[in-house]
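Notes to accompany the following structure.
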Amino acid sequence: MDVDTDHPRYKWVALSNTTLGMLIATINSSIVLISLPAIFNGIHLDPLRPGNVGYLLWMLMGYMLVTAVLVVTLGRLGDIWGRVRIYNAGFLIFTLTSVVLSLDPLQGGGGALWLIGWRVVQAVGGAMLMANSAAIITDAFPARQRGMALGVNMVAAIAGSFVGLVLGGLLAEWNWRSIFWVNVPIGVIGTVWAYRSLRETGVRRPGRIDWWGNITFAVGLTALLAAITYGIQPYGGHTMGWTDPWVLTGLLGGTAVLGVFCAVERRVAEPMFPLRLFRDPVFTGGNLATLLGSVARGGLQFMLIVWLQGIWLPLHGYDYADTPLWAGIYLVPLTVGFLAAGPVAGYLSDRFGARLFAAGGLLVMAASFAGLLALPTDFGYPAFALLVFLNGLGGGLFAAPNTALVMSSVPAADRGAASGMRATFQNAGMVLSIGVFFSLMVAGLAGSLPQTLSDGLTAQGVSAADAHAVAQLPPVGTLFAAFLGYNPVRELLGPHVLAQVPAGNAGTLTGREFFPHLISGPFHDGLVVVFSLAIGMSLVAAVASLLRGRAGRAAAGTGSGDGGGGGGGGGAGKPRAATGGARS
């Protein structure tokens, strides 16, 4: 629909197109996550071989890492060159790379590198969409409706990561290439629609690109996040790689380069990352809550996939080959909870203020983590469904009001950069969750898994020497097996060892229930650590969401009051300039 920017319907055109863009960009951050077994089978690559773990990790984190690194830069370019121009280009790049990904002609490691490389290019398009969609909406909507509009957009953004789990499970069951095909018709429609309908309505500020800031930020954040992720791999006889010189170099070097980045940003006239925005407690608290909430949410997704695919579904009679599909189906309540709360929270926060909704949502998330912690490993599904529904509900209550608080706390000319900064914290949190929660889970497994594994194998007739050798293998391999829905016992023991035990015992060892029963106890030990940290993160994020801005900020026209969206609930008395020129 080609609607003039002065037309009352233009803001709804902008909202619907940017929501579609955010949905397709975030679906692709998780659709590969649950489709990995089908992808690796399709390109004939065994992901459990030690040399192939790198492919697995980069397939998981490559897309999220690139979007985390680039969204600030692309948001800043939107401020300079036009937010709609950058956004439209992102839709086009995303669509074209989806076609290329689905045509992967290679097998084995070459096929994996093709997917990883083009996913990186696709992430550039995704980052263009993520960096500018919230700014386009903030420009198009008046303050009194901004919370609702950002709520719809953020529901799409975060719900996309949940929808991707279900969609990936369904499509991977048919053909692994279809997880990329599905983007093509949506991308074509969205690209044509965006180029025809979206117009520049925000404040454009000509300026220069902060090259040194861009370079130091990209190098520092990439090194830091990659080192944290690679820290979960074993090294030198240790269960994890935190003593690996390359990991230490990435951690220390990345932190140092980010320190240089901060120094650069304080000195350049037009920084890509305006550090002055952090002087506002609302902006700082909102972004801190975004980061912690994203880490907790990402950790939840990983742990629930391990729990369902590696333990619960096999114990309930599902073949390992079918577990990705059913894991996605059984996680539907998580998506339903988020979709139920998100738009409503955005609308109500415009009327009653955003802070209590944002903080209340995080408290609901913390309560759901506590409930999951109390569940037995072989749980009853109704209780599990209720708890993941509550977690999604809490996430929905938090997302839109928090985004409205962040976006309404900055001057209109900085909205592109602010949108990118918020997206950086959100995407970096997802990458951090891989390293943080897998490390904690591996640490929890390391204490009890070796003895449990040794005792279980010897009870089935495996010799003590062979059982001890298997039990000493790094627990990260067992964790990845559960994450991918594999039964690794046959591979761990090998045909020679299995041939030496009675046929009945061999059948038990390689059956559906032996491996899940074996790791359920140690896995729960790891869950205690993981969900306890998630509870702590959610509570700290709730406190951060309650921070208030400086007195007089609204009068300066740089943000909103408690309304978050800048409208009702404390924002009624603000001057019209605070809306950045948005129309009603």
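Letters A, B, ... go to the chains of the structure tokens in the order shown; residues in each chain start at 1; ligands are counted from 1 in the same order.
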When you look at A:Val470 with a cut-off of 8 Å (counting only C-alpha atoms), what residues show up, excluding the ones that are within fewer than 3 positions of it in the same chain? I need them as a VMD selection string.
chain A and resid 453 to 454 466 to 467 473 492 to 493
Near stretch 415-427 of chain A, counting only C-alpha atoms, which residues have an atom at most 6 Å away, once you skip same-chain residues fewer than 2 positions from it, shown as an MDAnalysis selection string?
chainID A and resid 64 68 71:72 75:76 78:79 131:132 135 287 290:291 294 412:413 429:430
For A:Leu129, list every protein, DNA or RNA residue within 12 Å, evaluated using only C-alpha atoms, and leave out those in the same chain fewer than 4 positions away; present the list as an mmCIF file with C-alpha atoms, in the first residue's frame.
data_model
loop_
_atom_site.group_PDB
_atom_site.id
_atom_site.type_symbol
_atom_site.label_atom_id
_atom_site.label_comp_id
_atom_site.auth_asym_id
_atom_site.auth_seq_id
_atom_site.Cartn_x
_atom_site.Cartn_y
_atom_site.Cartn_z
ATOM 1 C CA ASN A 17 6.155 -3.814 7.602
ATOM 2 C CA THR A 18 8.770 -3.347 10.335
ATOM 3 C CA THR A 19 7.049 -6.008 12.418
ATOM 4 C CA LEU A 20 7.286 -8.434 9.502
ATOM 5 C CA GLY A 21 10.968 -7.523 9.125
ATOM 6 C CA MET A 22 11.714 -8.106 12.805
ATOM 7 C CA LEU A 23 9.811 -11.386 12.780
ATOM 8 C CA ILE A 24 11.715 -12.841 9.833
ATOM 9 C CA ALA A 25 15.074 -11.613 11.192
ATOM 10 C CA THR A 26 14.625 -13.145 14.648
ATOM 11 C CA THR A 67 23.936 -8.959 14.425
ATOM 12 C CA LEU A 70 26.709 -4.546 13.546
ATOM 13 C CA VAL A 71 23.382 -3.232 14.823
ATOM 14 C CA VAL A 72 24.866 -0.119 16.443
ATOM 15 C CA LEU A 74 23.819 0.273 11.094
ATOM 16 C CA GLY A 75 21.589 2.240 13.458
ATOM 17 C CA GLY A 78 20.344 5.114 9.630
ATOM 18 C CA ARG A 83 16.603 4.778 8.549
ATOM 19 C CA VAL A 84 14.216 3.611 5.830
ATOM 20 C CA ARG A 85 17.044 3.414 3.277
ATOM 21 C CA ILE A 86 19.138 1.123 5.505
ATOM 22 C CA TYR A 87 16.082 -0.904 6.553
ATOM 23 C CA ASN A 88 14.978 -1.514 2.940
ATOM 24 C CA ALA A 89 18.467 -2.621 1.923
ATOM 25 C CA GLY A 90 18.430 -5.053 4.834
ATOM 26 C CA PHE A 91 15.232 -6.690 3.598
ATOM 27 C CA LEU A 92 16.767 -7.129 0.140
ATOM 28 C CA ILE A 93 20.052 -8.618 1.420
ATOM 29 C CA PHE A 94 18.209 -10.951 3.769
ATOM 30 C CA THR A 95 15.991 -12.286 0.984
ATOM 31 C CA GLN A 122 22.400 -12.832 5.960
ATOM 32 C CA ALA A 123 23.057 -11.488 9.452
ATOM 33 C CA VAL A 124 24.147 -8.173 7.906
ATOM 34 C CA GLY A 125 20.679 -7.871 6.379
ATOM 35 C CA SER A 133 12.747 -0.845 12.852
ATOM 36 C CA ALA A 134 12.206 0.572 16.351
ATOM 37 C CA ALA A 135 13.484 3.992 15.236
ATOM 38 C CA ILE A 136 11.126 4.019 12.216
ATOM 39 C CA ASN A 153 7.151 -4.824 17.111
ATOM 40 C CA ALA A 157 11.117 -9.664 17.557
ATOM 41 C CA GLY A 187 11.240 -11.660 2.033
ATOM 42 C CA GLY A 190 8.373 -7.534 2.517
ATOM 43 C CA THR A 191 11.100 -6.035 0.306
ATOM 44 C CA ALA A 194 9.045 -1.666 2.062
ATOM 45 C CA GLY A 416 18.782 5.078 15.204
ATOM 46 C CA SER A 419 17.791 1.349 18.605
ATOM 47 C CA GLY A 420 21.030 -0.291 17.508
ATOM 48 C CA ALA A 423 19.531 -4.485 19.826
#
Can you work out which one of A:Val260, A:Leu165, A:Leu363, A:Leu372 has the shortest atom-to-atom distance to A:Ser538, counting only C-alpha atoms?
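Ranked by minimum distance to A:Ser538, first place goes to A:Leu363.
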Go through A:Ala446, A:Val182, A:Val188, A:Met59 and flag the residue nearest A:Leu96, using only C-alpha atoms for the distances.
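Selected residue with least distance to A:Leu96: A:Val188.
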Per residue of stretch 343-437 of chain A within 9 Å of stretch 510-529 of chain A, record the nearest atom pair and its distance in Å to one decimal, counting only C-alpha atoms, with rows in chain order and ascending residue number, as JSON lines.
{"residue": "A:Leu372", "atom": "CA", "partner": "A:Leu527", "partner_atom": "CA", "distance": 9.0}
{"residue": "A:Leu373", "atom": "CA", "partner": "A:Val528", "partner_atom": "CA", "distance": 6.2}
{"residue": "A:Ala374", "atom": "CA", "partner": "A:Val528", "partner_atom": "CA", "distance": 8.9}
{"residue": "A:Pro376", "atom": "CA", "partner": "A:His524", "partner_atom": "CA", "distance": 8.0}
{"residue": "A:Thr377", "atom": "CA", "partner": "A:Ser520", "partner_atom": "CA", "distance": 6.1}
{"residue": "A:Asp378", "atom": "CA", "partner": "A:Ser520", "partner_atom": "CA", "distance": 8.0}
{"residue": "A:Phe437", "atom": "CA", "partner": "A:Val529", "partner_atom": "CA", "distance": 8.9}
Just N, CA and C atoms for this one: save the residues we selected as a PDB file, in the first residue's frame.
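The resulting file, out05.pdb, is reproduced below:
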ATOM      1  N   LEU A 372      10.399 -24.210  37.423  1.00  0.00           N
ATOM      2  CA  LEU A 372      11.102 -25.209  36.613  1.00  0.00           C
ATOM      3  C   LEU A 372      12.185 -25.902  37.423  1.00  0.00           C
ATOM      4  N   LEU A 373      12.802 -25.168  38.327  1.00  0.00           N
ATOM      5  CA  LEU A 373      13.838 -25.736  39.182  1.00  0.00           C
ATOM      6  C   LEU A 373      13.271 -26.815  40.101  1.00  0.00           C
ATOM      7  N   ALA A 374      12.003 -26.640  40.472  1.00  0.00           N
ATOM      8  CA  ALA A 374      11.379 -27.597  41.385  1.00  0.00           C
ATOM      9  C   ALA A 374      10.819 -28.827  40.676  1.00  0.00           C
ATOM     10  N   PRO A 376      10.667 -32.332  38.696  1.00  0.00           N
ATOM     11  CA  PRO A 376      11.559 -33.482  38.491  1.00  0.00           C
ATOM     12  C   PRO A 376      11.970 -33.558  37.029  1.00  0.00           C
ATOM     13  N   THR A 377      13.065 -34.247  36.754  1.00  0.00           N
ATOM     14  CA  THR A 377      13.546 -34.335  35.377  1.00  0.00           C
ATOM     15  C   THR A 377      12.515 -34.995  34.473  1.00  0.00           C
ATOM     16  N   ASP A 378      11.866 -36.039  34.952  1.00  0.00           N
ATOM     17  CA  ASP A 378      10.795 -36.694  34.198  1.00  0.00           C
ATOM     18  C   ASP A 378       9.464 -36.127  34.688  1.00  0.00           C
ATOM     19  N   PHE A 437      25.650 -20.400  30.031  1.00  0.00           N
ATOM     20  CA  PHE A 437      24.805 -21.490  30.522  1.00  0.00           C
ATOM     21  C   PHE A 437      25.362 -22.864  30.172  1.00  0.00           C
TER      22      PHE A 437
END
Which residue of A:Ser368, A:Ser178, A:Thr508, A:Gln472 approaches A:Ala38 most closely, using only C-alpha atoms:
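Going through A:Ser368, A:Ser178, A:Thr508, A:Gln472 one by one, the smallest distance to A:Ala38 is for A:Ser178.
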Which neighbours of A:Phe384 fall inside 12 Å, counting only C-alpha atoms, when residues of the same chain fewer than 3 positions from it are skipped, and could you give them as a PyMOL selection string?
chain A and resi 304+307-308+312+330-334+368-381+387-391
What is the atom CA of A:Ala345-atom CA of A:Gly151 distance in Å, reported with one decimal?
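Result for atom CA of A:Ala345 versus atom CA of A:Gly151: 7.1 Å, one decimal.
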Determine, counting only C-alpha atoms, which protein, DNA and RNA residues have an atom within 12 Å of an atom of A:Phe302; residues of the same chain fewer than 4 positions away are not included. Present the result as a PyMOL selection string.
chain A and resi 30+33-34+60+161-162+165+295-298+306-310+327+331+430-438+441+479-480+482-484+527+530-531
How would the residues just chosen look if you wrote them out with N, CA and C atoms as a CSV table (one decimal), in the first residue's frame?
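That gives us again19.csv:
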chain,number,residue,atom,x,y,z
A,30,SER,N,16.8,-18.6,15.6
A,30,SER,CA,16.5,-19.9,16.3
A,30,SER,C,16.1,-21.0,15.4
A,33,LEU,N,18.7,-23.4,15.2
A,33,LEU,CA,19.0,-24.0,16.4
A,33,LEU,C,18.4,-25.4,16.6
A,34,ILE,N,17.2,-25.5,16.3
A,34,ILE,CA,16.5,-26.8,16.5
A,34,ILE,C,16.6,-27.7,15.2
A,60,LEU,N,25.6,-22.1,15.4
A,60,LEU,CA,24.8,-21.6,16.5
A,60,LEU,C,24.9,-20.1,16.6
A,161,SER,N,12.0,-15.7,18.0
A,161,SER,CA,13.0,-16.7,18.4
A,161,SER,C,12.2,-17.9,19.0
A,162,PHE,N,11.0,-17.7,19.5
A,162,PHE,CA,10.2,-18.9,19.9
A,162,PHE,C,9.6,-19.6,18.7
A,165,LEU,N,11.7,-22.0,16.8
A,165,LEU,CA,11.8,-23.3,17.3
A,165,LEU,C,10.8,-24.3,16.8
A,295,VAL,N,20.0,-12.8,28.2
A,295,VAL,CA,20.9,-14.0,28.6
A,295,VAL,C,20.0,-15.0,29.3
A,296,ALA,N,19.1,-14.6,30.2
A,296,ALA,CA,18.3,-15.6,30.8
A,296,ALA,C,17.3,-16.3,29.9
A,297,ARG,N,16.8,-15.6,28.9
A,297,ARG,CA,15.9,-16.2,27.9
A,297,ARG,C,16.6,-17.1,27.0
A,298,GLY,N,17.8,-16.7,26.6
A,298,GLY,CA,18.6,-17.6,25.7
A,298,GLY,C,19.0,-18.9,26.4
A,306,VAL,N,17.7,-29.1,25.4
A,306,VAL,CA,18.4,-30.3,25.9
A,306,VAL,C,17.5,-31.2,26.7
A,307,TRP,N,16.7,-30.6,27.6
A,307,TRP,CA,15.8,-31.3,28.5
A,307,TRP,C,14.8,-32.2,27.7
A,308,LEU,N,14.2,-31.6,26.7
A,308,LEU,CA,13.2,-32.3,25.9
A,308,LEU,C,13.8,-33.3,25.0
A,309,GLN,N,14.8,-32.8,24.1
A,309,GLN,CA,15.3,-33.7,23.1
A,309,GLN,C,16.2,-34.8,23.6
A,310,GLY,N,16.9,-34.5,24.7
A,310,GLY,CA,17.9,-35.5,25.2
A,310,GLY,C,17.3,-36.4,26.3
A,327,ALA,N,9.9,-31.4,20.2
A,327,ALA,CA,10.4,-30.4,21.2
A,327,ALA,C,9.8,-29.0,20.8
A,331,LEU,N,7.0,-26.8,23.1
A,331,LEU,CA,7.3,-25.5,23.6
A,331,LEU,C,6.4,-24.4,23.1
A,430,MET,N,22.1,-13.1,23.8
A,430,MET,CA,21.8,-14.5,23.3
A,430,MET,C,23.1,-15.2,23.1
A,431,VAL,N,24.2,-14.5,22.6
A,431,VAL,CA,25.5,-15.2,22.3
A,431,VAL,C,26.1,-15.5,23.7
A,432,LEU,N,26.0,-14.6,24.6
A,432,LEU,CA,26.6,-14.8,26.0
A,432,LEU,C,25.9,-16.0,26.6
A,433,SER,N,24.6,-16.2,26.4
A,433,SER,CA,23.9,-17.3,27.0
A,433,SER,C,24.5,-18.7,26.6
A,434,ILE,N,25.0,-18.8,25.4
A,434,ILE,CA,25.6,-20.0,24.9
A,434,ILE,C,26.8,-20.4,25.8
A,435,GLY,N,27.7,-19.4,26.0
A,435,GLY,CA,28.9,-19.7,26.8
A,435,GLY,C,28.6,-19.8,28.3
A,436,VAL,N,27.8,-18.9,28.8
A,436,VAL,CA,27.5,-18.9,30.2
A,436,VAL,C,26.8,-20.1,30.7
A,437,PHE,N,25.6,-20.4,30.0
A,437,PHE,CA,24.8,-21.5,30.5
A,437,PHE,C,25.4,-22.9,30.2
A,438,PHE,N,26.0,-23.0,29.0
A,438,PHE,CA,26.6,-24.3,28.7
A,438,PHE,C,27.8,-24.5,29.7
A,441,MET,N,26.3,-25.6,32.9
A,441,MET,CA,25.8,-27.0,32.8
A,441,MET,C,26.9,-28.0,32.8
A,479,LEU,N,26.6,-33.4,26.5
A,479,LEU,CA,25.6,-32.3,26.5
A,479,LEU,C,25.2,-31.9,25.1
A,480,PHE,N,26.2,-31.9,24.1
A,480,PHE,CA,25.8,-31.6,22.8
A,480,PHE,C,25.0,-32.7,22.2
A,482,ALA,N,22.8,-34.5,23.8
A,482,ALA,CA,21.4,-34.3,24.2
A,482,ALA,C,20.8,-33.1,23.5
A,483,PHE,N,21.6,-32.0,23.3
A,483,PHE,CA,21.1,-30.8,22.7
A,483,PHE,C,20.7,-31.1,21.2
A,484,LEU,N,21.3,-32.0,20.6
A,484,LEU,CA,21.0,-32.3,19.2
A,484,LEU,C,20.0,-33.5,19.0
A,527,LEU,N,21.0,-28.1,36.1
A,527,LEU,CA,19.8,-27.2,36.0
A,527,LEU,C,19.7,-26.3,37.3
A,530,VAL,N,22.0,-23.5,36.7
A,530,VAL,CA,21.6,-22.7,35.6
A,530,VAL,C,20.4,-21.8,35.9
A,531,PHE,N,19.4,-22.4,36.4
A,531,PHE,CA,18.2,-21.7,36.7
A,531,PHE,C,18.3,-20.8,37.9
Point-to-point distance in Å for atom CA of A:Leu339 and atom CA of A:Ala156:
8.3 Å
Contact residues around A:Gly213 with only C-alpha atoms at 8 Å, ignoring same-chain residues under 5 positions, as a count of residues only
6
Nearby residues (only C-alpha atoms) at most 10 Å from A:Gly109, same-chain spacing under 6 positions excluded, as a VMD selection string
chain A and resid 40 43 to 46 51 to 52 55 115
One number please: atom CA of A:Gly126 to atom CA of A:Asn183, in Å, one decimal.
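Atom CA of A:Asn183 lies at a distance of 11.9 Å from atom CA of A:Gly126.
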If you take only C-alpha atoms and a cut-off of 9 Å, which residues of stretch 18-64 of chain A touch stretch 224-244 of chain A, and what are their nearest atom pairs and distances in Å to one decimal, in chain and number order, as CSV?
residue,atom,partner,partner_atom,distance
A:Val53,CA,A:Gln233,CA,8.4
A:Gly54,CA,A:Tyr230,CA,8.4
A:Leu57,CA,A:Thr229,CA,7.7
A:Met61,CA,A:Thr229,CA,8.3
Nearest residue to A:Pro142 out of A:Ser102, A:Gln451, A:Gln460, A:Ser408, using only C-alpha atoms?
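Closest candidate: A:Ser408.
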